[in-house]
Each structure stands twice: as structure tokens, then as C-alpha cells.
file coords-v2.txt (compact mmCIF, C-alpha atoms)
# COMPACT_ATOMS: atom_id res chain seq x y z
CA ALA A 19 -92.18 60.39 -9.17
CA MET A 20 -89.85 63.40 -9.23
CA LEU A 21 -87.20 61.38 -11.10
CA SER A 22 -89.50 60.34 -13.95
CA LEU A 23 -90.68 63.91 -14.44
CA ASP A 24 -87.09 65.12 -14.81
CA PHE A 25 -86.38 62.41 -17.33
CA LEU A 26 -89.36 63.35 -19.44
CA ASP A 27 -88.37 67.01 -19.34
CA ASP A 28 -84.88 66.12 -20.57
CA VAL A 29 -86.26 64.15 -23.48
CA ARG A 30 -88.60 66.96 -24.48
CA ARG A 31 -85.76 69.48 -24.37
CA MET A 32 -83.61 67.42 -26.68
CA ASN A 33 -84.07 68.37 -30.28
CA LYS A 34 -83.44 65.99 -33.16
CA ARG A 35 -79.71 66.80 -33.41
CA GLN A 36 -79.10 66.02 -29.77
CA LEU A 37 -80.95 62.75 -30.11
CA TYR A 38 -78.77 61.70 -33.05
CA TYR A 39 -75.73 62.74 -31.03
CA GLN A 40 -76.77 60.50 -28.18
CA VAL A 41 -77.42 57.59 -30.49
CA LEU A 42 -73.96 58.05 -32.01
CA ASN A 43 -72.51 58.16 -28.52
CA PHE A 44 -74.23 54.92 -27.74
CA GLY A 45 -72.86 53.39 -30.95
CA MET A 46 -69.37 54.50 -30.02
CA ILE A 47 -69.57 52.85 -26.62
CA VAL A 48 -70.73 49.61 -28.18
CA SER A 49 -67.95 49.75 -30.79
CA SER A 50 -65.31 50.46 -28.16
CA ALA A 51 -66.50 47.53 -26.09
CA LEU A 52 -66.32 45.26 -29.14
CA MET A 53 -62.83 46.54 -29.98
CA ILE A 54 -61.62 45.85 -26.46
CA TRP A 55 -63.03 42.34 -26.68
CA LYS A 56 -61.35 41.72 -30.04
CA GLY A 57 -58.13 43.17 -28.68
CA LEU A 58 -58.29 40.71 -25.80
CA MET A 59 -58.79 37.90 -28.27
CA VAL A 60 -55.62 38.92 -30.12
CA VAL A 61 -53.49 39.42 -27.00
CA THR A 62 -54.49 36.15 -25.39
CA GLY A 63 -54.69 34.12 -28.56
CA SER A 64 -58.02 32.73 -27.40
CA GLU A 65 -61.33 33.04 -29.22
CA SER A 66 -62.98 33.39 -25.83
CA PRO A 67 -60.62 35.15 -23.44
CA ILE A 68 -63.12 35.31 -20.60
CA VAL A 69 -65.42 32.41 -19.72
CA VAL A 70 -67.94 31.75 -16.99
CA VAL A 71 -67.76 28.50 -15.03
CA LEU A 72 -71.03 26.66 -15.61
CA SER A 73 -70.74 23.54 -13.49
CA GLY A 74 -69.46 22.34 -10.15
CA SER A 75 -67.00 19.85 -11.61
CA MET A 76 -64.00 21.91 -10.52
CA GLU A 77 -65.07 22.58 -6.97
CA PRO A 78 -63.85 23.60 -4.48
CA ALA A 79 -61.54 25.67 -6.69
CA PHE A 80 -64.21 27.10 -9.00
CA HIS A 81 -67.93 27.40 -8.57
CA ARG A 82 -70.73 28.12 -10.98
CA GLY A 83 -70.59 31.80 -11.81
CA ASP A 84 -66.84 32.32 -11.37
CA LEU A 85 -65.10 34.16 -14.18
CA LEU A 86 -61.95 32.70 -15.77
CA PHE A 87 -59.34 34.58 -17.77
CA LEU A 88 -57.76 32.51 -20.50
CA THR A 89 -54.75 32.58 -22.75
CA ASN A 90 -54.16 30.27 -25.66
CA ARG A 91 -50.69 31.06 -26.91
CA ILE A 92 -49.18 28.40 -29.14
CA GLU A 93 -45.80 28.95 -27.50
CA ASP A 94 -47.23 27.75 -24.18
CA PRO A 95 -47.10 23.97 -24.26
CA ILE A 96 -49.93 21.98 -22.70
CA ARG A 97 -48.70 20.32 -19.51
CA VAL A 98 -50.33 18.25 -16.80
CA GLY A 99 -51.88 20.19 -13.94
CA GLU A 100 -52.98 23.04 -16.18
CA ILE A 101 -56.62 24.05 -16.22
CA VAL A 102 -57.87 23.96 -19.78
CA VAL A 103 -61.10 25.13 -21.32
CA PHE A 104 -62.00 22.89 -24.23
CA ARG A 105 -64.87 22.17 -26.57
CA ILE A 106 -65.87 18.71 -27.67
CA GLU A 107 -66.32 18.54 -31.42
CA GLY A 108 -69.90 19.25 -32.33
CA ARG A 109 -70.80 20.64 -28.94
CA GLU A 110 -71.17 24.28 -28.07
CA ILE A 111 -70.62 24.34 -24.34
CA PRO A 112 -66.98 24.70 -23.27
CA ILE A 113 -65.75 22.56 -20.38
CA VAL A 114 -63.26 23.66 -17.74
CA HIS A 115 -61.16 20.78 -16.40
CA ARG A 116 -57.59 19.88 -15.50
CA VAL A 117 -55.04 18.06 -17.69
CA LEU A 118 -54.34 14.60 -16.30
CA LYS A 119 -52.12 13.00 -18.96
CA ILE A 120 -50.20 14.13 -22.01
CA HIS A 121 -48.36 12.32 -24.78
CA GLU A 122 -46.42 14.66 -27.03
CA LYS A 123 -44.50 13.71 -30.15
CA GLN A 124 -41.21 15.16 -31.28
CA ASN A 125 -42.94 17.40 -33.81
CA GLY A 126 -45.19 18.96 -31.19
CA ASP A 127 -48.36 16.94 -31.88
CA ILE A 128 -49.96 16.35 -28.53
CA LYS A 129 -52.84 14.30 -27.23
CA PHE A 130 -54.08 14.70 -23.71
CA LEU A 131 -56.68 13.55 -21.19
CA THR A 132 -58.62 15.74 -18.78
CA LYS A 133 -60.54 15.34 -15.54
CA GLY A 134 -62.62 17.60 -13.36
CA ASP A 135 -61.20 18.01 -9.85
CA ASN A 136 -64.60 17.21 -8.39
CA ASN A 137 -65.28 14.23 -10.66
CA ALA A 138 -64.43 10.67 -9.70
CA VAL A 139 -63.37 9.64 -13.20
CA ASP A 140 -61.57 11.22 -16.13
CA ASP A 141 -63.38 12.83 -19.03
CA ARG A 142 -63.21 9.97 -21.54
CA GLY A 143 -66.93 9.46 -21.02
CA LEU A 144 -67.56 13.04 -22.07
CA TYR A 145 -65.61 12.96 -25.29
CA LYS A 146 -67.16 12.03 -28.62
CA ARG A 147 -67.84 8.35 -29.23
CA GLY A 148 -64.56 6.72 -30.19
CA GLN A 149 -62.56 9.75 -29.10
CA HIS A 150 -59.98 8.90 -26.44
CA TRP A 151 -57.92 12.07 -26.38
CA LEU A 152 -58.17 15.81 -26.76
CA GLU A 153 -55.95 17.73 -29.13
CA LYS A 154 -54.72 21.30 -29.45
CA LYS A 155 -57.55 22.13 -31.79
CA ASP A 156 -60.11 21.37 -29.08
CA VAL A 157 -58.60 23.88 -26.69
CA VAL A 158 -60.23 27.29 -26.23
CA GLY A 159 -57.61 28.40 -23.73
CA ARG A 160 -55.74 27.81 -20.49
CA ALA A 161 -57.04 29.42 -17.28
CA ARG A 162 -54.45 31.88 -16.00
CA GLY A 163 -56.50 33.87 -13.52
CA PHE A 164 -59.96 34.05 -12.04
CA VAL A 165 -62.44 36.21 -10.23
CA PRO A 166 -65.24 34.64 -8.19
CA TYR A 167 -69.00 35.22 -8.41
CA ILE A 168 -69.05 37.96 -11.09
CA GLY A 169 -70.10 35.64 -13.91
CA ILE A 170 -73.38 34.88 -12.13
CA VAL A 171 -74.85 37.85 -14.00
CA THR A 172 -74.32 36.14 -17.38
CA ILE A 173 -75.77 32.88 -16.05
CA LEU A 174 -78.82 34.76 -14.78
CA MET A 175 -79.23 36.53 -18.11
CA ASN A 176 -79.04 33.17 -19.88
CA ASP A 177 -81.47 31.37 -17.63
CA TYR A 178 -83.93 34.22 -17.26
CA PRO A 179 -84.28 36.05 -20.61
CA LYS A 180 -86.58 38.64 -19.04
CA PHE A 181 -83.69 39.60 -16.77
CA LYS A 182 -81.42 40.00 -19.80
CA TYR A 183 -83.88 42.27 -21.59
CA ALA A 184 -84.37 44.30 -18.42
CA VAL A 185 -80.60 44.79 -18.07
CA LEU A 186 -80.17 45.75 -21.73
CA PHE A 187 -83.15 48.09 -21.60
CA LEU A 188 -81.85 49.86 -18.50
CA LEU A 189 -78.36 50.16 -20.02
CA GLY A 190 -79.74 51.62 -23.23
CA LEU A 191 -81.92 54.02 -21.32
CA PHE A 192 -79.04 55.17 -19.17
CA VAL A 193 -76.76 55.88 -22.12
CA LEU A 194 -79.39 57.65 -24.16
CA VAL A 195 -80.50 59.92 -21.37
CA HIS A 196 -77.21 60.62 -19.65
CA ARG A 197 -75.84 64.11 -20.33
CA GLU A 198 -72.05 64.16 -20.98
CA LEU B 10 -38.85 16.73 -0.53
CA ARG B 11 -38.26 12.99 -0.73
CA LYS B 12 -39.97 10.22 -2.59
CA ASN B 13 -39.21 6.51 -2.40
CA VAL B 14 -40.71 4.15 -4.87
CA GLU B 15 -41.18 0.52 -5.77
CA ASP B 16 -42.41 -0.35 -9.20
CA PHE B 17 -43.12 -2.91 -11.85
CA THR B 18 -44.92 -3.05 -15.14
CA GLY B 19 -47.77 -5.24 -16.25
CA PRO B 20 -49.08 -5.68 -19.78
CA ARG B 21 -52.66 -4.62 -20.45
CA GLU B 22 -53.90 -5.04 -23.98
CA ARG B 23 -51.26 -3.29 -26.01
CA SER B 24 -50.03 -0.63 -23.60
CA ASP B 25 -47.66 -0.79 -20.70
CA LEU B 26 -49.21 -0.27 -17.29
CA GLY B 27 -46.90 0.86 -14.54
CA PHE B 28 -47.39 0.36 -10.83
CA VAL B 29 -45.67 2.68 -8.45
CA THR B 30 -45.83 2.91 -4.68
CA PHE B 31 -44.36 6.00 -3.12
CA ASP B 32 -43.74 7.99 0.00
CA ILE B 33 -43.99 11.77 0.04
CA THR B 34 -42.44 14.02 2.63
CA ALA B 35 -42.94 17.67 1.79
CA ASP B 36 -43.29 21.16 3.16
CA ILE B 37 -45.21 23.45 0.88
CA LEU B 38 -43.74 26.91 1.27
CA ASN B 39 -43.92 30.13 -0.63
CA GLY B 40 -40.49 30.54 -2.23
CA ASP B 41 -41.14 34.18 -3.15
CA LYS B 42 -41.81 35.13 0.43
CA GLY B 43 -38.65 33.63 1.88
CA LEU B 44 -40.09 30.23 2.73
CA GLN B 45 -43.10 31.38 4.70
CA SER B 46 -46.20 29.22 4.65
CA ILE B 47 -47.82 29.12 1.25
CA PHE B 48 -51.22 29.95 2.72
CA ASP B 49 -51.27 33.74 2.72
CA TRP B 50 -54.43 35.89 2.74
CA ASN B 51 -55.14 35.30 -0.95
CA VAL B 52 -54.60 31.54 -1.15
CA LYS B 53 -57.86 29.61 -1.10
CA GLN B 54 -56.47 26.16 -1.76
CA LEU B 55 -53.69 24.16 -3.36
CA PHE B 56 -54.21 21.44 -5.91
CA LEU B 57 -51.27 19.08 -5.41
CA TYR B 58 -50.33 16.45 -7.95
CA LEU B 59 -47.58 13.91 -8.33
CA SER B 60 -46.70 13.45 -11.98
CA ALA B 61 -44.42 11.06 -13.80
CA GLU B 62 -42.51 12.41 -16.77
CA TYR B 63 -40.61 10.31 -19.27
CA SER B 64 -39.67 9.83 -22.90
CA THR B 65 -40.44 6.89 -25.13
CA LYS B 66 -39.87 5.78 -28.70
CA ASN B 67 -43.46 6.68 -29.52
CA ASN B 68 -43.60 10.03 -27.80
CA ALA B 69 -40.88 12.56 -27.03
CA LEU B 70 -42.64 13.69 -23.86
CA ASN B 71 -45.12 11.92 -21.65
CA GLN B 72 -46.60 13.22 -18.44
CA VAL B 73 -48.99 11.22 -16.29
CA VAL B 74 -50.57 12.38 -13.04
CA LEU B 75 -50.35 9.51 -10.58
CA TRP B 76 -51.90 11.09 -7.55
CA ASP B 77 -53.50 14.35 -6.53
CA LYS B 78 -54.88 16.02 -3.44
CA ILE B 79 -56.68 19.21 -2.63
CA MET B 80 -55.22 21.08 0.31
CA LEU B 81 -57.54 23.72 1.68
CA ARG B 82 -56.53 26.85 3.51
CA GLY B 83 -56.29 25.84 7.11
CA ASP B 84 -54.89 22.39 6.37
CA ASN B 85 -51.36 21.68 7.47
CA PRO B 86 -49.00 22.47 4.58
CA ARG B 87 -46.89 19.41 5.35
CA LEU B 88 -47.24 16.05 3.69
CA PHE B 89 -46.07 12.87 5.31
CA LEU B 90 -47.46 10.02 3.27
CA LYS B 91 -46.19 6.45 3.18
CA ASP B 92 -46.84 3.53 0.89
CA MET B 93 -49.22 5.38 -1.34
CA LYS B 94 -50.56 3.69 -4.44
CA SER B 95 -51.23 5.74 -7.53
CA LYS B 96 -54.76 7.08 -7.79
CA TYR B 97 -54.87 6.83 -11.55
CA PHE B 98 -53.79 4.08 -13.89
CA PHE B 99 -50.31 4.68 -15.17
CA PHE B 100 -50.84 3.64 -18.76
CA ASP B 101 -48.26 4.47 -21.36
CA ASP B 102 -49.25 5.24 -24.92
CA GLY B 103 -47.50 2.12 -26.17
CA ASN B 104 -44.80 0.02 -24.59
CA GLY B 105 -42.43 2.70 -23.42
CA LEU B 106 -42.35 1.85 -19.72
CA LYS B 107 -40.62 -1.48 -20.10
CA GLY B 108 -36.97 -1.00 -19.39
CA ASN B 109 -37.38 2.76 -19.13
CA ARG B 110 -34.66 3.95 -16.77
CA ASN B 111 -35.60 7.57 -16.72
CA VAL B 112 -39.08 8.10 -15.36
CA THR B 113 -39.04 11.18 -13.15
CA LEU B 114 -41.60 11.79 -10.42
CA THR B 115 -42.25 15.39 -9.47
CA LEU B 116 -44.60 16.98 -6.97
CA SER B 117 -46.29 20.17 -8.21
CA TRP B 118 -49.19 22.32 -7.15
CA ASN B 119 -51.66 24.77 -8.57
CA VAL B 120 -52.20 27.75 -6.30
CA VAL B 121 -55.87 28.76 -6.35
CA PRO B 122 -56.28 32.30 -5.00
CA ASN B 123 -59.45 33.90 -3.68
CA ALA B 124 -59.10 36.03 -6.80
CA GLY B 125 -56.23 36.54 -9.19
CA ILE B 126 -53.58 34.58 -11.02
CA LEU B 127 -53.51 30.76 -11.05
CA PRO B 128 -49.84 29.77 -10.97
CA LEU B 129 -48.46 26.26 -11.30
CA VAL B 130 -45.48 25.62 -9.06
CA THR B 131 -43.10 22.70 -9.26
CA GLY B 132 -41.62 21.46 -6.05
CA SER B 133 -37.90 21.21 -5.71
CA GLY B 134 -36.63 17.69 -5.48
CA HIS B 135 -37.68 14.91 -7.77
CA VAL B 136 -37.03 11.21 -7.96
CA SER B 137 -36.05 9.07 -10.90
CA VAL B 138 -37.75 5.71 -11.12
CA PRO B 139 -36.34 2.96 -13.30
CA PHE B 140 -38.83 0.43 -14.64
CA PRO B 141 -37.78 -3.17 -14.98
CA ASP B 142 -37.11 -4.91 -18.30
CA THR B 143 -39.69 -7.60 -17.74
CA TYR B 144 -43.39 -7.70 -17.18
CA GLU B 145 -44.95 -9.03 -14.01
CA THR B 146 -47.97 -11.17 -14.63
CA THR B 147 -49.09 -12.26 -11.23
CA LYS B 148 -48.03 -9.69 -8.68
CA SER B 149 -50.92 -8.27 -6.75
CA TYR B 150 -51.11 -4.56 -6.25
call {"tool": "encode", "arguments": {"input": "coords-v2.txt", "output": "C-alpha cells"}}
result
Amino acid sequence: AMLSLDFLDDVRRMNKRQLYYQVLNFGMIVSSALMIWKGLMVVTGSESPIVVVLSGSMEPAFHRGDLLFLTNRIEDPIRVGEIVVFRIEGREIPIVHRVLKIHEKQNGDIKFLTKGDNNAVDDRGLYKRGQHWLEKKDVVGRARGFVPYIGIVTILMNDYPKFKYAVLFLLGLFVLVHRE
Amino acid sequence: LRKNVEDFTGPRERSDLGFVTFDITADILNGDKGLQSIFDWNVKQLFLYLSAEYSTKNNALNQVVLWDKIMLRGDNPRLFLKDMKSKYFFFDDGNGLKGNRNVTLTLSWNVVPNAGILPLVTGSGHVSVPFPDTYETTKSY
């Protein structure tokens, strides 16, 4: 009860200028976050430098909710054993599996096959009808590092929209009210 | 690190299919830490894989994983396997196995930490496997 009274007092004390200032502050934080994300995209060469593991097909190495850090530099050739994150043409959800087979031509054109560690068979059944191989263009990135559990927050926000709105609301509230 | 193999090729549709049996004797150690056990406090598991690498007319570089194994922290970091058959079909993209004298088998592993970098390490020691010039049609595997 005491906390909410203080908060209301703060808001009353703020005049219009201070409110605009706080909104600008908020905008700056959002812009900085976006810039950092874009910067990561440039440095890693991947359109999605951080991904959350969504399925159990790579257990026991990765579990649902683990966070993966990707790079997608053209200079790094695709080799067997690597963990790649790829998208099947026409599908949105990226898949995290391991490279099982590669056939690379002299000019660098490569076609490869993947398989989840925890799956009994390779991924041919997952690819598009008539597609037998993946190519460089299907790759979002290669997993270079990971952190467990943390991605669970994004999965929760996806599965429970109310949770997402609650988190965003609280964040917004915190930034607007917080005195520098 | 030693591997001994026996091999022959069999035609399947249009692509060569290779059959390899192998032995693996290996100690997985951490080279950076002066050959201590690979399983330090931040190693959750190892994903081991035996891959065959070779060149053909069709493709400058081919790599095929023949066998893999997950070694969890707590397992013995030594392998002593005999007469193993490949887990996955060793299909070539074409007919490049027939008469190929230079197919190299290497043991590698992906170190999966509790958190952090995911390195791929290649074991020292590899074995070259020559494939015969003819196809076997009736040999059982």
C-alpha cells in the first residue's frame, strides 16, 4: 500500500516536461536495444544471432528453453558434426540439428543432410517434398555457444500472451517511473 | 587412436554404397589442459562421431558420419570398440567410392558445456580406407 502511494505522488509531481523526458528516455533504451541487436546481426553474419531451442530433438545436449548463440560467416565452411540452425523453405520455425553428411563441389556449392541427436532418423522427412538436401541459403547460423534455461521466458511469452503483456507492461512502467 | 577397417561397396540405384566395419581405441583427453580428462567442471557431455572424408569426380569434398555416440559426464572417456558396423548408410553422391583409395576416417567430438562455447575437436590419428574397384553383389553385412 505504501509503495503505490509513493508511485502516485511521483507521477503527480512530474510536470509535462518531465513526462516527455521520461518518454524520450524510454525511446532511447528501445533504440539502443535494437541497435545492439542489429550490431549482433552484422558481427555474426546471422539474421537471428540468438535463438531459443524449441524442441527436444537435440537432447541431452539442448533442452527446450536453452539459448543458442549463432554465427553465419560465409568464410566458415559447413562441416559434419556442426550444429546448424536452418529453416525449411516456406516454413517459419527454425530447426536446430546436427550436420550428418556434406557433398561440396569445387566451386563451394554445398548440399548437406541433418539429423537431430535425439531422433532415430535423419531429417529428410522434415524437408520439403522432393527436397533431399539443405543448402547454404537455408542456414540461419551455426551454434557456437549456449546458455541453458534462459530462453524459457520467450517460450512462456509466446505460449501465454497474457504473460507477455504483463512483462511488457511492468517493463514500461518501471522505465517511465524510475528516476535517473 | 587406432582404427582398423574392412570394406566393400555395393551398388544401390545410382549411388555407391560403402560398407565399413571398424574398431576404435581412443582416450578422449583435453589437449589444452596437458592431457587431463576431458570432463572438467563445465563439460556436460561429448558428442562423438566417426566421419569419412574423401574426394570424388562429382564433388571436391565429401564428409559422411558413419557412427556417433553421446558420452555423458561420468562415463569413462575411453573407447574400446570392436567390429562396429556403421550406424548410417554410407551413400556417396554418385559413384565415387568405387576404386577410391583415399577415404579417410576420423574421430571427432563436439564438447557440450554446461554453459559456454561449443567447440568441435578432431582426434589425432586417422585411418585411410581404400575401397575396392569392384562391386559386391551378394555379401551379407
call {"tool": "atom_distance", "arguments": {"input": "coords-v2.txt", "atom1": "atom CA of B:Met93", "atom2": "atom CA of A:His81"}}
result
29.8 Å
call {"tool": "atom_distance", "arguments": {"input": "coords-v2.txt", "atom1": "atom CA of B:Asn51", "atom2": "atom CA of B:Asp36"}}
result
18.9 Å
call {"tool": "atom_distance", "arguments": {"input": "coords-v2.txt", "atom1": "atom CA of A:Phe164", "atom2": "atom CA of A:Ile120"}}
result
24.3 Å
call {"tool": "closest_atom_pairs", "arguments": {"input": "coords-v2.txt", "of": "stretch 43-105 of chain A", "to": "stretch 131-147 of chain A", "cutoff": "8 Å", "atoms": "only C-alpha atoms", "output": "Markdown table"}}
result
| residue | atom | partner | partner_atom | distance |
| --- | --- | --- | --- | --- |
| A:Gly74 | CA | A:Asn136 | CA | 7.3 |
| A:Ser75 | CA | A:Asn136 | CA | 4.8 |
| A:Met76 | CA | A:Asp135 | CA | 4.8 |
| A:Glu77 | CA | A:Asn136 | CA | 5.6 |
| A:Pro78 | CA | A:Asn136 | CA | 7.5 |
call {"tool": "closest_residue", "arguments": {"input": "coords-v2.txt", "among": "A:Ile96, A:Leu174, A:Leu85, A:Ala79", "to": "chain B", "atoms": "all atoms listed in the file"}}
result
A:Ala79
call {"tool": "interface_residues", "arguments": {"input": "coords-v2.txt", "of": "chain A", "to": "chain B", "cutoff": "6 Å", "atoms": "all atoms listed in the file", "output": "list in words"}}
result
Leu118, Lys119, Ile120, His121, Glu122, Lys123, Gln124, Arg162, Gly163, Phe164 and Val165 of chain A
call {"tool": "write_last_selection", "arguments": {"input": "coords-v2.txt", "atoms": "C-alpha atoms", "output": "mmCIF file, in the coordinates of the input"}}
result
data_model
loop_
_atom_site.group_PDB
_atom_site.id
_atom_site.type_symbol
_atom_site.label_atom_id
_atom_site.label_comp_id
_atom_site.auth_asym_id
_atom_site.auth_seq_id
_atom_site.Cartn_x
_atom_site.Cartn_y
_atom_site.Cartn_z
ATOM 1 C CA LEU A 118 -54.340 14.600 -16.300
ATOM 2 C CA LYS A 119 -52.120 13.000 -18.960
ATOM 3 C CA ILE A 120 -50.200 14.130 -22.010
ATOM 4 C CA HIS A 121 -48.360 12.320 -24.780
ATOM 5 C CA GLU A 122 -46.420 14.660 -27.030
ATOM 6 C CA LYS A 123 -44.500 13.710 -30.150
ATOM 7 C CA GLN A 124 -41.210 15.160 -31.280
ATOM 8 C CA ARG A 162 -54.450 31.880 -16.000
ATOM 9 C CA GLY A 163 -56.500 33.870 -13.520
ATOM 10 C CA PHE A 164 -59.960 34.050 -12.040
ATOM 11 C CA VAL A 165 -62.440 36.210 -10.230
#
call {"tool": "residues_around", "arguments": {"input": "coords-v2.txt", "residues": "stretch 104-116 of chain A", "least_positions_apart": "2", "cutoff": "6 Å", "atoms": "only C-alpha atoms", "output": "list of chain:residue names"}}
result
A:Gly99, A:Glu100, A:Ile101, A:Val102, A:Thr132, A:Lys133, A:Gly134, A:Asp156, A:Val157, A:Val158
call {"tool": "residues_around", "arguments": {"input": "coords-v2.txt", "residues": "B:Phe140", "least_positions_apart": "4", "cutoff": "6 Å", "atoms": "all atoms listed in the file", "output": "count of residues only"}}
result
3
call {"tool": "closest_residue", "arguments": {"input": "coords-v2.txt", "among": "B:Phe31, B:Ile37, B:Asp142, B:Gly132", "to": "B:Asn104", "atoms": "all atoms listed in the file"}}
result
B:Asp142
call {"tool": "closest_residue", "arguments": {"input": "coords-v2.txt", "among": "A:Leu86, A:Gly63, A:Ala51, A:Met46", "to": "A:Tyr167", "atoms": "only C-alpha atoms"}}
result
A:Leu86
call {"tool": "axis_aligned_box", "arguments": {"input": "coords-v2.txt", "around": "stretch 78-84 of chain A", "padding_each_side": "3 Å", "output": "JSON"}}
result
{"center_x": -66.1, "center_y": 28.0, "center_z": -8.1, "size_x": 15.2, "size_y": 14.7, "size_z": 13.3}
